[in-house]
Amino acid sequence: MHDLYRVIALSVALPAAAGAALADPPAPPAAAKPKQIVIISFDSARDIPQWKRSRALAQRTGAHFTYFLSCVFLLSPETRGEYTAPGKTAGKSNIGFAASRQEVAGRLEQIGLAASEGHDIASHACGHFDGKDWTKADWLKEFASFEHILENAYTINGITSEPKGWRDFARHAVVGFRAPYLSTGKGLYEALEAAGYAFDASGVSKGPALPPTIDGITRFSLPQIPEGPKSRLVIAMDYNLYVRHSGGFERPSKAGEFADRTYQAFRAAFDAQYQGKRIPLELGFHFTLMNDGAYWNALERFAGEVCVKADVECISFRDYVERQNAGRKQATVGG
């Protein structure tokens, strides 16, 4: 009888064990989402108080920014003749020049501090001319002016405090470009490749888009994002919002409303990617405080919320390109 119980018990246990063996294995854990990348940049990079304000924002949030520098702001009224734009006489600029040698010195100091803190110093050309019809040779001339003025800014302006390593920095650190007015053409891209740039950030896309790499140059695009009560698309840049909100004229009495609208648009664009495919989100700004600083106020609110998240990184264009290039090299070696 005891042996019978053993046989019955075994006959019951075997199917159960077989069933367990044949059951589907546990599903693998879902792949972790990549970190959400946000790329914040500033065009022209003129006013020294805004240099300081942006660097302070970076220190509070852990962000790294890209500063697209216009080289005419490294020339004083006395040294403006160092710059000659394609097709122009010497000393001409659409955006003026620095007010004084002292101002140039202060700006050079801010550039050096920003670079030492890990920020990306890039080119916005020099005189802010529309180069859509410029030839490759025209653009190479403009790039050469930028490089010469940045490298020799201390000497050109008679500033004696040139830091050690400045010229090496000026020759090698600038690897990116954004065209004035976001105005591009065939000649620009031929010149960028010839000049050895790594990225261009002059494009516009309908919504955030992954940047393609063409002829060795990664091409970024500022996205059009929904904004306002009717969710109409607008380029995610402060100037475009300024024109949308007030026709390009100052309306300081509505600065609070404009700041909130801007923040809401930025946050909605961020949340769509954060909860979705996590395509990098690009936002563009200037150092001009339009509509009583509405857009900078929105930026500080936005960055203060998202850049500090554990699964978000606010990085520069250069950082992004370096990571992509490192990933490609690793895949090639591993393959």
# chains A, B, ... in the order shown; residues from 1 in each chain; ligands from 1

call {"tool": "residues_around", "arguments": {"residues": "range 140-148 of chain A", "least_positions_apart": "5", "cutoff": "8 Å", "atoms": "only C-alpha atoms", "output": "list in words"}}
result
Cys71, Tyr83, Thr84, Ala85, Pro86, Ser123, Ala125, Cys126, Ala170, Arg171, Ala191 and Ala195 of chain A

call {"tool": "select_by_dssp", "arguments": {"residues": "range 5-172 of chain A", "states": "strand (DSSP E)", "output": "list in words"}}
result
Gln36, Ile37, Val38, Ile39, Ile40, Ser41, Phe42, Asp43, Ser44, Thr66, Tyr67, Phe68, Leu69, Asp120, Ile121, Ala122 and Ser123 of chain A

call {"tool": "write_last_selection", "arguments": {"atoms": "N, CA, C and O atoms", "output": "short mmCIF file (atom, residue, chain, number, x, y, z; two decimals), in the first residue's frame"}}
result
data_model
loop_
_atom_site.label_atom_id
_atom_site.label_comp_id
_atom_site.auth_asym_id
_atom_site.auth_seq_id
_atom_site.Cartn_x
_atom_site.Cartn_y
_atom_site.Cartn_z
N GLN A 36 16.54 61.28 -22.26
CA GLN A 36 16.04 62.36 -23.11
C GLN A 36 17.10 63.45 -23.19
O GLN A 36 17.57 63.96 -22.17
N ILE A 37 17.47 63.81 -24.41
CA ILE A 37 18.46 64.85 -24.62
C ILE A 37 17.77 66.16 -24.98
O ILE A 37 16.84 66.19 -25.80
N VAL A 38 18.22 67.24 -24.37
CA VAL A 38 17.77 68.59 -24.69
C VAL A 38 19.01 69.40 -25.06
O VAL A 38 20.00 69.38 -24.32
N ILE A 39 18.96 70.09 -26.20
CA ILE A 39 20.10 70.89 -26.66
C ILE A 39 19.67 72.36 -26.71
O ILE A 39 18.80 72.73 -27.50
N ILE A 40 20.28 73.16 -25.86
CA ILE A 40 19.94 74.58 -25.74
C ILE A 40 21.12 75.40 -26.27
O ILE A 40 22.27 75.15 -25.90
N SER A 41 20.81 76.38 -27.11
CA SER A 41 21.89 77.17 -27.73
C SER A 41 21.53 78.65 -27.73
O SER A 41 20.35 79.03 -27.60
N PHE A 42 22.56 79.47 -27.90
CA PHE A 42 22.41 80.93 -27.93
C PHE A 42 23.12 81.48 -29.15
O PHE A 42 24.29 81.16 -29.39
N ASP A 43 22.45 82.35 -29.91
CA ASP A 43 23.03 82.96 -31.10
C ASP A 43 23.60 84.34 -30.78
O ASP A 43 23.02 85.10 -30.00
N SER A 44 24.70 84.67 -31.44
CA SER A 44 25.41 85.95 -31.37
C SER A 44 26.21 86.13 -30.08
O SER A 44 27.34 86.59 -30.12
N THR A 66 25.49 75.43 -26.11
CA THR A 66 26.27 75.85 -27.27
C THR A 66 26.08 77.35 -27.46
O THR A 66 24.94 77.83 -27.51
N TYR A 67 27.19 78.07 -27.57
CA TYR A 67 27.17 79.51 -27.83
C TYR A 67 27.65 79.74 -29.26
O TYR A 67 28.82 79.50 -29.57
N PHE A 68 26.75 80.22 -30.12
CA PHE A 68 27.11 80.55 -31.50
C PHE A 68 27.58 82.01 -31.53
O PHE A 68 26.77 82.93 -31.49
N LEU A 69 28.87 82.20 -31.60
CA LEU A 69 29.49 83.51 -31.46
C LEU A 69 29.58 84.25 -32.79
O LEU A 69 29.99 83.68 -33.79
N ASP A 120 30.15 74.63 -25.24
CA ASP A 120 30.54 74.52 -26.65
C ASP A 120 30.55 75.91 -27.27
O ASP A 120 29.51 76.58 -27.32
N ILE A 121 31.70 76.36 -27.72
CA ILE A 121 31.82 77.64 -28.42
C ILE A 121 31.82 77.32 -29.92
O ILE A 121 32.69 76.62 -30.42
N ALA A 122 30.82 77.83 -30.62
CA ALA A 122 30.65 77.55 -32.05
C ALA A 122 30.56 78.87 -32.81
O ALA A 122 30.58 79.96 -32.23
N SER A 123 30.47 78.78 -34.12
CA SER A 123 30.51 79.96 -34.99
C SER A 123 29.12 80.35 -35.48
O SER A 123 28.34 79.49 -35.91
#

call {"tool": "residues_around", "arguments": {"residues": "Lys277 in chain A", "least_positions_apart": "3", "cutoff": "10 Å", "atoms": "only C-alpha atoms", "output": "list of chain:residue names"}}
result
A:Lys33, A:Pro34, A:Gln36, A:Ala272, A:Gln273, A:Tyr274, A:Pro280

call {"tool": "closest_residue", "arguments": {"among": "A:Lys186, A:His124, A:Lys132, A:Arg178", "to": "Val204 in chain A", "atoms": "only C-alpha atoms"}}
result
A:Arg178

call {"tool": "residues_around", "arguments": {"residues": "range 237-247 of chain A", "least_positions_apart": "3", "cutoff": "6 Å", "atoms": "only C-alpha atoms", "output": "JSON, numbers by chain"}}
result
{"A": [283, 284, 285, 295]}

call {"tool": "write_last_selection", "arguments": {"atoms": "N, CA and C atoms", "output": "compact mmCIF listing (two decimals), in the first residue's frame"}}
result
# COMPACT_ATOMS: atom_id res chain seq x y z
N LEU A 283 16.29 73.80 -28.59
CA LEU A 283 15.70 75.10 -28.31
C LEU A 283 16.75 76.18 -28.55
N GLY A 284 16.37 77.26 -29.24
CA GLY A 284 17.31 78.32 -29.57
C GLY A 284 16.95 79.66 -28.94
N PHE A 285 17.99 80.42 -28.56
CA PHE A 285 17.79 81.71 -27.91
C PHE A 285 18.83 82.71 -28.39
N TYR A 295 11.26 85.25 -22.62
CA TYR A 295 11.71 83.96 -23.16
C TYR A 295 12.85 83.37 -22.32
